[in-house]
>>> print(open('data13.cif').read())   # mmCIF, C-alpha atoms and all ligand atoms
data_model
loop_
_atom_site.label_atom_id
_atom_site.label_comp_id
_atom_site.auth_asym_id
_atom_site.auth_seq_id
_atom_site.Cartn_x
_atom_site.Cartn_y
_atom_site.Cartn_z
CA MET C 1 -1.66 22.55 39.34
CA THR C 2 -2.62 26.17 39.69
CA CYS C 3 -2.81 28.60 36.82
CA HIS C 4 -4.53 31.87 37.25
CA ILE C 5 -5.11 34.15 34.29
CA ASP C 6 -7.19 37.15 35.25
CA TYR C 7 -8.86 39.92 33.32
CA ASN C 8 -11.48 42.59 33.76
CA VAL C 9 -14.81 41.01 32.78
CA THR C 10 -15.99 44.23 31.14
CA ASP C 11 -12.77 44.35 29.06
CA PHE C 12 -13.39 40.77 28.01
CA ASN C 13 -17.06 41.23 27.16
CA THR C 14 -16.35 44.45 25.26
CA ASN C 15 -13.39 43.20 23.23
CA TYR C 16 -13.32 39.41 22.84
CA PRO C 17 -12.72 38.04 20.24
CA THR C 18 -11.88 40.90 17.88
CA ARG C 19 -9.91 43.44 20.00
CA SER C 20 -6.84 43.10 22.22
CA PHE C 21 -7.04 43.81 25.96
CA ALA C 22 -4.73 43.56 28.97
CA ILE C 23 -4.71 40.53 31.27
CA ASN C 24 -2.81 39.54 34.43
CA HIS C 25 -1.46 36.25 35.73
CA ASP C 26 0.41 34.72 38.66
CA LEU C 27 2.74 32.51 36.62
CA ALA C 28 6.03 34.45 36.64
CA THR C 29 7.65 32.11 39.17
CA HIS C 30 6.14 28.88 37.81
CA HIS C 31 8.67 26.05 37.64
CA LEU C 32 7.90 25.32 33.98
CA PHE C 33 9.58 28.61 33.00
CA THR C 34 13.00 28.32 34.63
CA LEU C 35 15.92 28.24 32.18
CA PRO C 36 16.99 24.68 33.23
CA ARG C 37 13.43 23.38 32.67
CA LEU C 38 13.27 25.14 29.29
CA ILE C 39 16.59 23.56 28.27
CA GLU C 40 15.18 20.15 29.24
CA LEU C 41 12.05 20.92 27.21
CA SER C 42 14.08 21.96 24.16
CA GLN C 43 16.04 18.70 24.32
CA SER C 44 12.83 16.68 24.28
CA MET C 45 11.26 18.44 21.28
CA ALA C 46 11.67 17.49 17.61
CA ARG C 47 14.06 19.87 15.83
CA ASP C 48 11.34 21.31 13.61
CA ARG C 49 9.47 22.54 16.71
CA ILE C 50 12.26 25.01 17.53
CA GLU C 51 13.05 28.12 15.55
CA TYR C 52 15.84 30.50 16.53
CA ASN C 53 17.95 33.28 15.11
CA SER C 54 19.54 36.59 15.99
CA GLY C 55 17.21 38.96 17.81
CA ASP C 56 18.89 42.02 16.25
CA LEU C 57 16.11 42.62 13.73
CA GLU C 58 13.81 45.40 12.56
CA PRO C 59 10.00 45.11 12.60
CA GLY C 60 10.06 44.91 8.79
CA HIS C 61 12.92 42.41 8.54
CA LYS C 62 12.74 40.01 5.60
CA TYR C 63 12.94 36.43 6.83
CA GLU C 64 15.45 35.51 4.12
CA ASP C 65 17.88 38.09 5.54
CA THR C 66 17.61 36.96 9.15
CA PRO C 67 21.02 36.52 10.81
CA LYS C 68 21.56 33.18 12.54
CA VAL C 69 23.00 32.38 15.96
CA ASP C 70 26.19 30.37 15.95
CA LEU C 71 25.28 28.24 18.97
CA PRO C 72 23.37 25.02 19.52
CA ILE C 73 19.88 25.30 21.00
CA ASP C 74 20.72 24.40 24.61
CA ASP C 75 23.65 26.83 24.76
CA THR C 76 21.51 29.57 23.24
CA ILE C 77 19.08 29.22 26.16
CA ARG C 78 21.92 28.96 28.67
CA GLN C 79 23.51 32.15 27.31
CA ILE C 80 20.31 34.02 26.57
CA GLU C 81 21.37 36.99 28.72
CA ASN C 82 24.24 37.78 26.34
CA CYS C 83 23.88 35.98 23.00
CA HIS C 84 21.47 38.39 21.18
CA ALA C 85 19.14 35.54 20.25
CA TRP C 86 15.43 35.05 19.68
CA MET C 87 13.88 31.58 20.03
CA VAL C 88 10.46 29.99 19.96
CA ILE C 89 9.72 26.46 21.17
CA LYS C 90 6.53 25.46 19.36
CA ASN C 91 3.76 23.11 20.38
CA VAL C 92 5.00 22.63 23.92
CA GLU C 93 1.72 20.82 24.62
CA GLN C 94 3.57 17.75 23.36
CA ASP C 95 5.24 17.63 26.76
CA PRO C 96 2.66 16.23 29.25
CA GLU C 97 3.52 18.78 31.96
CA TYR C 98 3.08 21.76 29.63
CA LYS C 99 -0.05 20.21 28.16
CA ALA C 100 -1.59 19.93 31.64
CA PHE C 101 -0.57 23.53 32.35
CA ILE C 102 -2.19 24.86 29.15
CA GLU C 103 -5.38 22.89 29.71
CA THR C 104 -5.62 24.03 33.34
CA CYS C 105 -5.21 27.69 32.30
CA LEU C 106 -7.69 27.59 29.44
CA ASN C 107 -10.27 25.41 31.16
CA GLN C 108 -10.39 27.99 33.96
CA VAL C 109 -10.94 30.67 31.31
CA ALA C 110 -13.59 28.56 29.55
CA ASP C 111 -15.48 28.15 32.84
CA ARG C 112 -15.85 31.93 32.99
CA LEU C 113 -17.05 32.44 29.41
CA PRO C 114 -20.57 33.82 28.95
CA ALA C 115 -23.26 31.25 28.15
CA GLY C 116 -23.36 30.46 24.44
CA SER C 117 -19.67 31.27 23.82
CA GLU C 118 -17.78 29.11 21.39
CA PRO C 119 -15.61 26.36 22.91
CA LEU C 120 -11.82 26.82 23.10
CA GLN C 121 -10.38 23.99 20.98
CA ASP C 122 -6.97 22.89 19.69
CA MET C 123 -5.12 24.25 22.74
CA GLN C 124 -1.40 24.77 22.08
CA GLY C 125 1.57 26.53 23.63
CA PHE C 126 4.51 28.51 22.24
CA ILE C 127 7.33 29.68 24.51
CA PHE C 128 9.53 32.61 23.49
CA ILE C 129 13.02 33.00 24.95
CA SER C 130 14.83 36.13 23.81
CA SER C 131 17.79 38.30 24.71
CA ALA C 132 17.47 41.97 25.61
CA ASN C 133 16.65 44.34 22.74
CA SER C 134 15.35 41.58 20.46
CA THR C 135 12.62 42.09 17.89
CA THR C 136 9.95 39.74 16.59
CA PRO C 137 9.08 41.19 13.16
CA PHE C 138 5.59 42.20 12.04
CA HIS C 139 3.35 39.15 11.49
CA ILE C 140 -0.06 37.56 12.09
CA ASP C 141 -1.03 34.33 13.87
CA ALA C 142 -3.89 32.05 12.82
CA GLU C 143 -5.29 31.49 16.32
CA GLU C 144 -6.41 33.38 19.40
CA ASN C 145 -4.08 33.55 22.39
CA PHE C 146 -3.33 34.82 25.84
CA PHE C 147 0.23 36.11 25.67
CA ILE C 148 1.79 36.07 29.14
CA GLN C 149 5.02 37.77 30.15
CA ILE C 150 7.08 35.60 32.51
CA HIS C 151 10.46 37.38 32.74
CA GLY C 152 11.81 40.72 31.53
CA ASP C 153 10.06 43.52 29.68
CA LYS C 154 8.28 43.33 26.37
CA PHE C 155 6.61 45.94 24.19
CA PHE C 156 3.81 44.43 22.17
CA HIS C 157 2.64 46.54 19.18
CA VAL C 158 -0.85 45.46 18.03
CA PHE C 159 -2.55 46.88 14.93
CA GLU C 160 -6.14 47.20 13.81
CA ASN C 161 -6.54 45.74 10.34
CA ASP C 162 -10.27 45.65 9.72
CA ASP C 163 -9.83 47.39 6.36
CA ARG C 164 -6.97 45.05 5.33
CA GLU C 165 -4.75 48.04 4.53
CA LEU C 166 -1.85 46.73 6.65
CA VAL C 167 -2.11 43.01 5.83
CA SER C 168 -4.18 42.13 2.77
CA GLU C 169 -6.62 39.24 2.59
CA GLU C 170 -4.18 37.56 0.17
CA ASN C 171 -1.44 37.75 2.79
CA MET C 172 -3.84 36.32 5.38
CA GLU C 173 -4.22 33.16 3.31
CA ILE C 174 -2.46 30.20 4.89
CA SER C 175 0.33 28.29 3.21
CA PRO C 176 3.34 26.51 4.72
CA SER C 177 5.48 27.98 1.95
CA LYS C 178 4.91 31.53 3.19
CA PHE C 179 7.38 33.27 5.42
CA ARG C 180 5.83 34.52 8.64
CA ASN C 181 7.13 38.08 8.39
CA MET C 182 4.76 40.53 6.69
CA ASN C 183 5.50 43.75 4.83
CA TYR C 184 5.89 46.56 7.34
CA ASN C 185 5.87 50.31 6.94
CA LYS C 186 6.78 52.79 9.71
CA GLU C 187 3.56 54.68 9.00
CA PHE C 188 1.66 51.68 10.35
CA GLU C 189 2.66 52.82 13.86
CA ASP C 190 -0.08 55.48 13.77
CA ARG C 191 -2.51 52.58 14.09
CA ALA C 192 -0.68 50.69 16.84
CA THR C 193 -1.67 50.07 20.40
CA VAL C 194 1.51 49.40 22.41
CA TYR C 195 1.29 47.27 25.54
CA GLY C 196 4.29 47.50 27.89
CA LEU C 197 4.48 44.10 29.59
CA ARG C 198 6.51 42.85 32.53
CA GLU C 199 6.32 39.87 34.86
CA GLY C 200 2.66 39.18 35.65
CA ASP C 201 1.27 41.11 32.64
CA GLY C 202 -0.19 39.85 29.41
CA ILE C 203 -2.65 40.55 26.62
CA PHE C 204 -5.33 38.83 24.62
CA VAL C 205 -4.19 38.64 20.98
CA PRO C 206 -7.08 38.25 18.51
CA TYR C 207 -7.03 35.93 15.49
CA MET C 208 -4.80 37.31 12.72
CA MET C 209 -4.35 40.70 14.38
CA PRO C 210 -1.03 42.09 13.06
CA HIS C 211 1.69 42.69 15.66
CA TRP C 212 5.40 43.04 16.27
CA VAL C 213 7.22 42.73 19.56
CA ARG C 214 10.46 43.98 21.11
CA THR C 215 12.11 43.10 24.41
CA GLY C 216 13.44 45.66 26.87
CA SER C 217 16.82 45.77 28.61
CA ARG C 218 16.57 42.30 30.23
CA TYR C 219 16.26 38.85 28.68
CA SER C 220 12.67 37.77 28.20
CA ILE C 221 10.57 34.64 28.64
CA SER C 222 6.98 34.73 27.38
CA MET C 223 4.33 32.23 26.40
CA ALA C 224 1.46 32.32 23.95
CA ILE C 225 -1.30 30.03 25.23
CA THR C 226 -3.35 29.51 22.11
CA TRP C 227 -6.69 28.04 21.09
CA LYS C 228 -9.02 28.02 18.13
CA THR C 229 -12.79 28.36 18.21
CA PRO C 230 -14.91 26.52 15.60
CA THR C 231 -15.20 29.86 13.74
CA VAL C 232 -11.39 30.21 13.62
CA LEU C 233 -10.89 26.56 12.58
CA ARG C 234 -13.33 27.07 9.72
CA ALA C 235 -11.73 30.35 8.60
CA ASN C 236 -8.31 28.69 8.62
CA LYS C 237 -9.52 25.85 6.40
CA ILE C 238 -11.03 28.33 3.92
CA ARG C 239 -7.86 30.48 3.93
CA PHE C 240 -5.72 27.38 3.37
CA VAL C 241 -7.82 26.28 0.37
CA ASN C 242 -7.88 29.88 -0.91
CA ALA C 243 -4.06 29.92 -0.89
CA MET C 244 -3.94 26.68 -2.90
CA LEU C 245 -6.50 27.99 -5.41
CA ARG C 246 -4.68 31.32 -5.74
CA LYS C 247 -1.47 29.42 -6.49
CA ALA C 248 -3.35 27.55 -9.22
CA GLY C 249 -4.52 30.88 -10.69
CA PHE C 250 -7.99 31.05 -9.12
CA PRO C 251 -8.03 33.77 -6.43
CA GLN C 252 -10.98 33.50 -4.06
CA SER C 253 -13.12 35.58 -1.74
CA ALA C 254 -12.33 35.95 1.96
CA PRO C 255 -14.15 33.65 4.40
CA SER C 256 -17.83 34.47 5.10
CA GLN C 257 -18.45 36.16 1.73
CA HIS C 258 -20.10 33.17 0.02
CA ALA C 259 -21.56 30.45 2.24
CA TRP C 260 -21.89 27.84 -0.52
CA SER C 261 -18.29 28.05 -1.72
CA ASP C 262 -17.02 28.20 1.89
CA GLY C 263 -18.83 24.91 2.51
CA ILE C 264 -17.20 23.27 -0.50
CA LYS C 265 -13.74 24.47 0.57
CA VAL C 266 -14.18 23.16 4.13
CA ALA C 267 -15.32 19.77 2.80
CA ALA C 268 -12.34 19.61 0.40
CA TYR C 269 -9.94 20.50 3.21
CA ASN C 270 -11.43 17.87 5.54
CA SER C 271 -11.15 15.14 2.86
CA ALA C 272 -7.53 16.00 2.02
CA PHE C 273 -6.38 16.18 5.61
CA ALA C 274 -8.09 12.91 6.55
CA VAL C 275 -5.42 11.36 4.32
CA ILE C 276 -2.48 13.61 5.20
CA ASN C 277 -2.85 14.01 8.98
CA PRO C 278 -1.85 10.45 10.00
CA LEU C 279 1.39 11.00 8.03
CA ARG C 280 2.34 14.15 9.94
CA LYS C 281 3.20 12.43 13.21
CA SER C 282 6.95 12.13 12.61
CA GLU C 283 9.44 14.92 11.92
CA TRP C 284 10.82 13.39 8.71
CA SER C 285 7.38 12.88 7.18
CA ARG C 286 6.32 16.44 8.12
CA LYS C 287 9.44 17.75 6.40
CA LEU C 288 8.83 15.60 3.33
CA ILE C 289 5.17 16.57 3.05
CA ARG C 290 6.01 20.27 3.38
CA GLN C 291 8.60 19.97 0.64
CA LEU C 292 6.45 17.85 -1.71
CA PHE C 293 3.37 20.04 -1.45
CA PHE C 294 4.82 23.46 -0.87
CA GLY C 295 8.42 23.41 -2.08
CA ARG C 296 11.76 23.69 -0.31
CA LYS C 297 10.84 27.11 1.13
CA ALA C 298 8.26 25.45 3.38
CA ASN C 299 11.11 24.14 5.54
CA TYR C 300 12.64 27.60 5.75
CA TYR C 301 13.15 27.61 9.50
CA TYR C 302 15.53 24.68 9.45
CA ASN C 303 19.08 25.85 9.77
CA GLU C 304 21.13 22.75 9.06
CA LYS C 305 24.25 24.23 10.67
CA GLN C 306 22.43 24.52 13.96
CA ALA C 307 20.62 21.16 13.91
FE FE E 401 2.77 36.40 17.17
#
>>> encode(input="data13.cif", output="structure tokens", more="lines below")
Ligand SMILES: [Fe+2]
Amino acid sequence: MTCHIDYNVTDFNTNYPTRSFAINHDLATHHLFTLPRLIELSQSMARDRIEYNSGDLEPGHKYEDTPKVDLPIDDTIRQIENCHAWMVIKNVEQDPEYKAFIETCLNQVADRLPAGSEPLQDMQGFIFISSANSTTPFHIDAEENFFIQIHGDKFFHVFENDDRELVSEENMEISPSKFRNMNYNKEFEDRATVYGLREGDGIFVPYMMPHWVRTGSRYSISMAITWKTPTVLRANKIRFVNAMLRKAGFPQSAPSQHAWSDGIKVAAYNSAFAVINPLRKSEWSRKLIRQLFFGRKANYYYNEKQA
């Protein structure tokens, strides 16, 4: 299998892992991204791996107010040219063909990393299928990724947030009960870098860098090929424990402020998830665990009418 993601080495060395930069790829005609293959993929995935709704949103849209699409998943993909929908198929690495694709892409990238770079671990894939003029509201993602544009046009607004003025450290804490969408203010746009993407284009999206995305006048297919370095995995564990402690009334420092307490949080996380992880293999137990630990809101993306 071929998979060629390309970038300017100087761009990479200057920006990775904290700043976005443009990339290119030769994947726009790859057979894994045809609509029939994506329908087949959607039919093989557990329901909680697919999230979809109307694409007629604003960057600051509140998740609770998101309009739904009155179609089943396969018809939404079939009618994506006209149905004003936005969809993500999550964790496509669960399909062996997509898993091989992701690993081929990222292993080729890993082979080009400078000596001493951190390994790319926990490789995953998220495929976005959206109608023309759809918006993905302002949010952050707890991993690094190469975002590749397969079909149509996309405008990717990326924001510097080193001072935490746009998304606070509290909002960067990780909890399944949180909605993905973050508070957005039009004035944020002064700090945006906007990448116009079309077939063959892409960008590197840094860990937790705020962004929102809109499609152009054609339907769009894109993929986020994601990974986590050991530094990102550790920060995620600390931010997860910080969210739990904040909920209990004990707000905590951001990762890397206090090495001793970071170590305790990582150890606590590892112990807890050694018990929980084997239970997360089936859809019903994932749903139950989310609800037990984080409340009904943690299953927010289920839309029973569409199931
Ligand atoms: Fe994202």
>>> atom_distance(input="data13.cif", atom1="atom CA of C:Gln79", atom2="atom CA of C:Phe138")
25.6 Å
>>> residues_near_ligand(input="data13.cif", ligand="ligand FE 401 (chain E)", cutoff="9 Å", atoms="all atoms listed in the file", output="PyMOL selection string")
chain C and resi 136-141+147+205+208-213+224
>>> atom_distance(input="data13.cif", atom1="atom CA of C:Asn181", atom2="atom CA of C:Lys62")
6.6 Å
>>> residues_around(input="data13.cif", residues="stretch 42-59 of chain C", least_positions_apart="6", cutoff="6 Å", atoms="only C-alpha atoms", output="VMD selection string")
chain C and resid 67 to 69 84 to 90 134 to 135 137 to 138
>>> atom_distance(input="data13.cif", atom1="atom CA of C:Ile148", atom2="atom CA of C:Ile39")
19.4 Å
>>> residues_near_point(input="data13.cif", point="(4.3, 49.9, 18.9)", cutoff="8 Å", atoms="all atoms listed in the file", output="MDAnalysis selection string")
chainID C and resid 155:158 189 192:195 212:213
